[in-house]
Each structure stands twice: as structure tokens, then as C-alpha cells.
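A short write-up of the structure that comes next.
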Amino acid sequence: MAKARSDDPLYGRIVYWWRVLRDTTAFRVSRGIARRVTGRPLVIAIPYLWLIFFFVIPFIIVLKISFAESRIAMPPYSPLWEWVTTSTMQIKLTMSNFGFLFEDALYKNAYLSSVRIAFISTLLCLLIGYPMAYGMARSKPSTRNILLLLIVLPFWTSFLLRVYAWIGLLKNNGVINNILLSLGVIKEPIVMMQTDFAVYLGIVYSYLPFMILPLYSTLEKMDMTLLEAAADLGCRPIKAFLKITLPLSIPGIIAGCMLVFIPAVGEYVIPALLGGPDTLMIGRVLWDEFFANRDWPVASAVAIAMLLLLVIPIMLFQYFQGREMRAHR
Amino acid sequence: MSANPRQAQGRGAPWNDPKAQPYVVIDRVTKKFGDFVAVNNVSLKIYQGEIFCLLGGSGCGKTTLLRMLAGFEMTSSGSMSIDGQDMSGIPPYNRPVNMMFQSYALFPHMTVEDNIAFGLRQEGRSKADVRKRVDDMLAIVKMAQFARRKPHQLSGGQRQRVALARSLVKRPKLLLLDEPLGALDRKLREHTQFELVNIQEQLGVTFVVVTHDQEEAMTLASRIGVMNHGEIVQVGTPSEIYEFPNSRFVADFIGSVNMFEGRLIEDRPDHVRIASDDLGGTIFVDHGISAAPGITVWAAIRPEKIRIARERPSQPDNVVPGVIKEIAYMGDMSIYLVQLGTGRIVRVTQPNVDRDSESQYTWDERVFLHWHAESPVIVTQ
């Protein structure tokens with residue numbers, strides 16, 4: 001697909017973008033590259049070193065802290081091992097941080113609430129993104145590039161700025177409320193800021209392109225004669241969509257859902273800026289543990305647990321992708 | 001050309017029977033894409049049980065015509081009817097027609113049997129009925145052992161059979177085939193051609209086949225419609241098209257031919273005489289054409305109908321001297337390129353009857369070319 005359009009710089013850039021995003025999100029660069037360019041160790045070494053320095057080592061540090069005890073000192077946690085005598089080393093693994101995650105309902109609720117918010121946002125992205133991707137894939141090739149550009153255009157602006165901009169739109173004396181008030185549609189401003197609604201809006205708005213791009217690339221590749229064949233065999237258009245187009249776009253649906261769901265679970269900025277005090281998401285809990293409570297060990301335990309929570313969908317993603325690639329070989 | 005199995009079976013020719021009801025009637029159909037006229041005022045009658053081939057080069061409108069029969073394209077003007085039913089405004093999913101696509105268009109996410117069952121399931125048939133008909137069809141195309149495979153696990157020839165089975169399982173009255181053998185290699189192609197004809201005989205479906213391959217058309221067809229620039233230029237049985245082309249285009253498109261331009265100098269009911277500067281002599285043909293003397297005509301002579309001789313033959317007409325310039329030995333026959341006194345190169349093919357190389361002609365040998373008076377075909381356009 002990329003080869004056929006390689007003359008088109010915009011398309012190439014978009015494909016590049018979406019690959020970069022996918023790879024960084026899923027941390028699967030190293031495995032993928034190692035599989036593709038075996039025998040070129042130097043090329044492999046760079047992403048490996050990158051991952052070792054910026055993922056593996058920090059991960060080990062966090063893992064180590066999660067087994068420590070909190071104390072008021074610098075650093076604010078107990079060392080993992082101590083020399084009791086010159087020949088005796090004492091290793092102390094504190095499990096209570098993880099136990100604490102089960103004791104306090106806050107963490108369980110934050111997890112469940114994060115997953116729920118991410119799940120609903122993903123579903124909304126799918127429901128909004130699928131028709132958009134479908135429309136783009138079926139439009140004229142000349143319009144397609146413009147539509148693609150419009151999808152990717154927001155990335156040219158900072159993510160943080162875009163979320164901030166929503167505050168200006170949503171707040172009580174923001175743009176939306178002012179327009180509605182001046183039109184006389186409402187008497188009182190609608191409270192939209194610091195609600196779950198604003199969080200969903202922010203997540204769907206921010207992550208929609210990640211849903212649309214893989215869906216678009218799957219739908220655009222689809223052989224249109226399959227739909228003609230279905231019609232020829234007596235299948236009406238709506239049923240042909242359900243029986244042919246939808247099943248064939250499942251790889252795109254999976255990729256899109258993973259790309260939205262995984263970052264949405266750990267989302268911090270959007271709930272922090274748009275959400276209310278009762279919008280409970282694991283990203284905020286993590287922030288509070290580290291910086292408000294200064295309880296690094298519990299915060300690390302939260303981070304590790306969250307990572308595990310995210311690794312399962314990533315593994316599912318890889319499994320489906322691998323199966324899909326084998327099927328089309 | 002290969003023997004035509006349909007003709008060999010000696011069936012009647014409904015197109016010559018004025019009482020026969022045509023099965024497909026295409027009446028003055030035109031299709032425009034913007035300013036481009038893809039199909040121009042085409043009228044055709046196709047009869048039940050026929051294998052009708054639409055033959056032409058790429059862009060001649062043959063596929064557009066087929067797609068209009070299937071309902072994927074709407075006619076710009078004119079009408080089409082199948083089995084007496086007018087097809088205008090009827091969407092593809094309501095037509096008594098099935099199509100075998102050039103790319104086969106098998107559903108990649110379904111197994112072979114699900115692909116074949118797809119059409120039957122749209123009709124809401126019982127499971128047992130679907131099962132039975134799918135199994136029957138798998139047996140006909142000899143794919144029963146591959147029923148659970150997905151299309152990407154099949155070879156080209158196997159996919160072609162599945163595509164055929166899928167398009168036949170609904171027992172359509174009319175099957176449209178778009179370059180059905182295009183993706184197969186030569187050996188498989190020949191084999192499949194005959195199989196296709198057998199299946200067609202067995203099920204009694206009417207076939208309309210689109211192809212750019214004249215050999216394919218010759219082997220499959222009961223009749224061929226030759227298309228050029230969106231128009232049908234000639235309709236006839238394979239031998240009619242080959243032996244009696246009605247224009248230079250058809251003569252040239254089907255097989256190879258030596259075309260001599262000339263002037264009609266004598267036109268009688270039983271013979272004509274053409275003076276050809278191309279040939280450097282006159283051509284005598286033993287049948288009359290009703291045309292005004294003096295007009296420019298073309299005499300088309302097939303390479304296999306020209307003979308080579310070392311001595312001047314005794315016949316008074318249709319003899320011309322030349323020099324052998326090129327010889328291509330093909331095994332069963334040889335192709336000779338013979339240069340005439342006028343400089344014109346003539347293509348002659350001779351069967352290699354003798355094994356003895358002594359009797360073969362050689363390069364730069366002076367020979368005489370001669371042919372029967374019935375051999376040339378005269379075309380006026």
C-alpha cells in the first residue's frame with residue numbers, strides 16, 4: 001500500500017506517522033526490527049539501546065522502589081538491600097505496597113474507572129471514526145488526500161494546547177455557553193467543565209485520528225469487486241457491508257481500538273485539565289501518590305500494576321496482528 | 001485452431017432459426033462515461049445454451065457490456081432483457097445472472113464452502129439444502145477435499161474453480177465470465193477450457209464470456225462477437241469469423257493474414273478479379289461480390305492457405321514468384337517469410353509432413369506461391 005503511493009509525500013508522511021505512533025505506543029519496535037533486519041546488528045543496536053536506557057532501566061528502578069518502604073528522607077524510600085555485617089547482605093522486599101493497592105478501594109476504583117472511561121471512549125471513537133474512515137476510503141482519490149490531511153492536521157499543534165483550548169470552549173462563560181445564552185436557547189450556562197462529559201469529549205477528540213488512520217488504511221485497501229461479487233450473488237448493500245466490509249476491516253478495528261484504549265487508560269492530562277475532582281483515573285492517582293503524598297513506593301506499585309494492566313491488551317494486540325499477518329502472507 | 005467441442009457435438013444453430021426465441025436481447029445499447037463512448041449502439045441476440053464470446057482488444061467496451069448485463073453499470077440508452085424480462089433499473093442483486101470475475105473476487109475471510117454457499121444463503125434456503133448444493137458443486141469442480149481451505153491457501157487454478165462453483169451454484173440462467181482463464185498458465189488453460197465447456201453442457205447454462213484471447217474465444221465459443229471501439233463489428237461462429245471476416249480489422253485481429261490492397265477490375269456473379277500493386281499481379285477469386293468496379297478492396301489470404309512450389313504451377317491465376325527470406329521451424333509446421341518482386345513480404349505456413357530435411361525449402365531459394373481461387377476473402381472496409 002505504501003509502495004503504490006510512495007510518490008505521494010503526504011501519504012508517505014501519514015503512513016510513517018502512524019507507524020511511529022503505533023510502535024512507540026506498543027513498545028514493539030525492538031522485536032519487530034530484530035525480526036526484519038537480522039544480520040544487521042548495528043541497526044538493531046540503536047533502538048535496543050534506546051529501549052534499555054529509557055524503558056528497561058527506568059522500569060527496573062520503579063520496580064525496585066515498589067518493593068521499598070516509604071520514609072521521610074532523600075530519597076524518600078528505604079534501600080532494597082543493606083550490609084548488616086561485612087559478609088551479610090540483607091534484602092528486604094516489602095510486599096505491603098501491592099497489598100495496599102487491594103486494601104484501599106481508591107486504587108481498585110481508579111483502575112476500574114480508568115478502564116471504563118477508556119473503554120467507552122474507544123467505543124465512541126469507533127462509532128464516530130468508522131463512518132469517517134469509510135467515507136474517506138470511498139471518496140475520490142483526489143479528495144482522499146485532502147481529507148487525510150484534515151485528519152492529521154491537529155497533530156501540527158501541541159496536544160496540551162488543544163486540550164487547553166477545550167477549556168475555553170466548555171467553561172461556564174466559554175464560547176459554547178455564551179453562544180447558547182445569546183441565542184436564548186438556555187437561560188443558565190450548562191456546566192460542562194470538570195465533568196466526565198468533558199473527559200470523554202477530550203479523549204475522543206484527541207484520540208480519534210488514531211482510530212481513523214488504521215481503519216482508513218484497511219478500508220482503502222479493500223477490493224471493491226468483493227462487494228460487486230456479493231451483490232451479484234444476491235446480497236443487498238447493507239448485508240454486504242455486514243458480511244464483507246465489516247469482517248474484512250476487523251484488523252483495522254483492532255488496531256484502532258488498541259491505539260485508543262491503551263493510551264486512554266493511562267491518560268493523565270485530559271482528566272487533570274477537563275475532569276472534575278471526582279473523575280477518578282489511574283494517571284491522576286499516580287501523580288498524587290508521587291507529588292502530593294510523596295509515597296514513592298506505593299506510587300511505583302501503582303505504576304507497575306498499571307503497566308501489567310496495559311501489557312495484557314498489548315499482547316492481545318500483537319497476537320491478533322501476528323495472526324493477521326500470517327493469514328495474508 | 002483447436003477443434004470446437006460445441007460444433008463437434010453437432011447441435012443446432014438457433015441463431016439461424018427465425019422461430020427461435022433469443023434469451024438475451026441487447027437492443028441499441030450505448031454507454032457513455034462522460035464524453036467517452038465505451039459501448040456504442042450495440043445490438044445482440046444470444047440464445048439459450050450458447051457460449052457467446054465477446055472478443056476484442058483492451059478498451060473495446062467488452063467488459064463494460066458485460067458489466068451492464070450484470071447490473072454494475074447502467075445503460076446510457078437502449079435496453080437489455082434476459083429471458084423476456086426487461087433489466088433496466090434492476091439492481092445486480094435482483095438479476096437472474098451470476099458473474100465470474102476476472103480477479104475471481106473470492107471472499108478472503110471465508111472458506112471455500114462458505115464462499116460457494118454465500119449466494120444460496122442470501123436466498124434463505126434451509127441448511128440441508130445449502131449443504132447439498134454446495135457439496136454437489138464442489139464435486140463438479142473437483143474441489144471437495146479443499147472445502148475447508150481459505151482462498152489464500154489455494155493455487156490459481158483452484159481459485160478459478162471455486163469462483164466458477166460460486167457463480168454456478170445458484171443455477172443462474174445466464175453466467176457472465178470476465179476473462180475466465182486470464183490468470184492461468186497455458187497448460188492449465190487448455191485443460192480448463194474443455195472443462196468449462198463440459199460443465200456448461202452438463203448444467204445447460206448460457207455463458208457470455210469476455211476475452212481478449214482469440215484462441216480462448218475460438219475454443220469456447222458457439223458464436224463470437226468481435227468488438228472494436230465500442231461497436232460489434234462481426235458476429236458469427238468461430239469458423240465464420242476466421243474464414244469469412246467481414247472487415248480488415250476482423251481478418252487481422254483473428255489469426256494472422258496477408259492483406260493485399262487492390263482495385264476491383266472485374267466483378268461477375270461467379271468470379272472477381274483484383275489488380276493489386278501490392279502483389280504485383282491479379283488475384284482471381286471464385287465468388288462474386290456485388291460492388292462497383294474500380295473501388296479499392298482488400299484480399300485477405302491466410303498463411304496456411306498459400307502453398308509453396310519450386311516449379312511454376314500450371315494454374316493460370318493466383319501464382320506469384322518470390323524469394324524465401326526467413327524460415328521459422330515450429331515443429332508441427334514451419335513459417336516462411338517470402339519476399340515478392342514488389343518487395344512485399346508474405347507469410348506462409350506449411351505443415352511439416354515429411355521428416356526428410358532434403359525436401360525443405362531453404363533461405364534465398366526462388367519459389368512460387370500459389371493458392372486456390374476460393375481462398376482469398378475480399379473485404380471492402
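Chain identifiers are assigned as A, B, and so on, following the order in which chains appear in the C-alpha cells; residues are numbered from 1 within each chain, and ligands are numbered from 1 in order of appearance.
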
Point to revise | Residues of segment 68-260 of chain B in alpha helix (DSSP H), written as a count of residues only | key: 78

Exercise for review: Output as a count of residues only the set of chain A residues within 12 Å of chain B, with distances taken over only C-alpha atoms.
Suggested key: 33

Practice item. Run DSSP on the backbone of this structure and report the residues of segment 107-347 of chain B it assigns to strand (DSSP E or B), as a PyMOL selection string. Key: chain B and resi 174-178+206-211+223-228+231-236+258-267+272-276+281-285+296-301+307-309+319-329+333-340+345-347

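As for atom CA of Val260 of chain A and atom CA of Val56 of chain A, they are spaced 23.8 Å apart.
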
**Study point:** Near-Leu126 of chain A list (9 Å; only C-alpha atoms; drop same-chain fewer than 3 positions) as a list in words
**Key:**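 What passes the distance filter is Ser121, Thr122, Leu123, Gly129, Tyr130, Pro131, Leu208, Met211, Ile212, Ile253, Gly256 and Cys257 of chain A.
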
Point to revise | Who sits within 10 Å of segment 290-301 of chain A, only C-alpha atoms, same chain under 3 positions skipped, as an MDAnalysis selection string | key: chainID A and resid 59 61:72 75:78 94:101 284:287 304:307

Serialized selection, N, CA and C atoms, as a short mmCIF file (atom, residue, chain, number, x, y, z; two decimals), in the first residue's frame:
data_model
loop_
_atom_site.label_atom_id
_atom_site.label_comp_id
_atom_site.auth_asym_id
_atom_site.auth_seq_id
_atom_site.Cartn_x
_atom_site.Cartn_y
_atom_site.Cartn_z
N PHE A 59 12.28 1.13 34.24
CA PHE A 59 11.32 0.15 34.72
C PHE A 59 11.88 -0.62 35.92
N ILE A 61 14.16 0.42 37.97
CA ILE A 61 14.22 1.34 39.12
C ILE A 61 12.85 1.43 39.79
N VAL A 62 11.82 1.62 38.96
CA VAL A 62 10.47 1.73 39.51
C VAL A 62 10.08 0.43 40.22
N LEU A 63 10.44 -0.69 39.58
CA LEU A 63 10.14 -1.99 40.18
C LEU A 63 10.81 -2.11 41.55
N LYS A 64 12.06 -1.65 41.58
CA LYS A 64 12.82 -1.72 42.83
C LYS A 64 12.14 -0.86 43.90
N ILE A 65 11.75 0.35 43.53
CA ILE A 65 11.13 1.25 44.51
C ILE A 65 9.82 0.66 45.02
N SER A 66 9.12 -0.06 44.11
CA SER A 66 7.82 -0.58 44.52
C SER A 66 7.94 -1.62 45.63
N PHE A 67 9.12 -2.17 45.82
CA PHE A 67 9.32 -3.15 46.90
C PHE A 67 9.96 -2.50 48.14
N ALA A 68 10.14 -1.17 48.10
CA ALA A 68 10.79 -0.49 49.23
C ALA A 68 9.74 0.02 50.22
N GLU A 69 10.24 0.62 51.30
CA GLU A 69 9.34 1.22 52.28
C GLU A 69 9.47 2.73 52.18
N SER A 70 8.39 3.40 52.42
CA SER A 70 8.40 4.85 52.37
C SER A 70 9.07 5.40 53.63
N ARG A 71 9.85 6.43 53.47
CA ARG A 71 10.42 7.09 54.64
C ARG A 71 10.66 8.56 54.30
N ILE A 72 10.74 9.37 55.33
CA ILE A 72 10.95 10.79 55.07
C ILE A 72 12.45 11.02 55.04
N PRO A 75 16.77 9.66 49.23
CA PRO A 75 15.47 9.59 48.55
C PRO A 75 14.37 9.10 49.49
N PRO A 76 13.11 9.33 49.12
CA PRO A 76 12.05 9.07 50.10
C PRO A 76 11.63 7.59 50.17
N TYR A 77 12.59 6.69 50.09
CA TYR A 77 12.24 5.27 50.24
C TYR A 77 13.46 4.53 50.79
N SER A 78 13.19 3.36 51.39
CA SER A 78 14.27 2.58 52.00
C SER A 78 15.05 1.84 50.93
N THR A 94 9.49 -5.41 50.35
CA THR A 94 8.24 -5.06 51.03
C THR A 94 7.08 -5.29 50.08
N MET A 95 6.20 -6.20 50.44
CA MET A 95 5.06 -6.51 49.57
C MET A 95 3.85 -5.64 49.90
N SER A 96 3.97 -4.92 51.00
CA SER A 96 2.77 -4.23 51.50
C SER A 96 2.27 -3.16 50.53
N ASN A 97 3.19 -2.62 49.70
CA ASN A 97 2.74 -1.60 48.74
C ASN A 97 1.69 -2.17 47.79
N PHE A 98 1.97 -3.40 47.33
CA PHE A 98 1.00 -4.04 46.43
C PHE A 98 -0.25 -4.45 47.20
N GLY A 99 -0.03 -4.91 48.42
CA GLY A 99 -1.17 -5.27 49.26
C GLY A 99 -2.06 -4.06 49.50
N PHE A 100 -1.40 -2.91 49.67
CA PHE A 100 -2.12 -1.67 49.93
C PHE A 100 -3.08 -1.34 48.77
N LEU A 101 -2.64 -1.69 47.56
CA LEU A 101 -3.47 -1.41 46.38
C LEU A 101 -4.81 -2.14 46.47
N ARG A 284 -4.08 10.11 37.39
CA ARG A 284 -4.11 11.16 38.42
C ARG A 284 -3.72 10.60 39.78
N VAL A 285 -4.17 9.38 40.07
CA VAL A 285 -3.81 8.74 41.34
C VAL A 285 -2.30 8.63 41.43
N LEU A 286 -1.69 8.24 40.33
CA LEU A 286 -0.25 8.08 40.25
C LEU A 286 0.45 9.41 40.54
N TRP A 287 -0.04 10.44 39.90
CA TRP A 287 0.51 11.78 40.09
C TRP A 287 0.41 12.19 41.56
N ILE A 304 3.55 -0.05 38.36
CA ILE A 304 3.78 -1.43 37.90
C ILE A 304 2.45 -2.12 37.60
N ALA A 305 1.49 -1.93 38.50
CA ALA A 305 0.19 -2.57 38.29
C ALA A 305 -0.45 -2.05 37.02
N MET A 306 -0.31 -0.76 36.79
CA MET A 306 -0.89 -0.17 35.59
C MET A 306 -0.22 -0.74 34.34
N LEU A 307 1.09 -0.91 34.45
CA LEU A 307 1.82 -1.46 33.31
C LEU A 307 1.29 -2.86 32.97
#
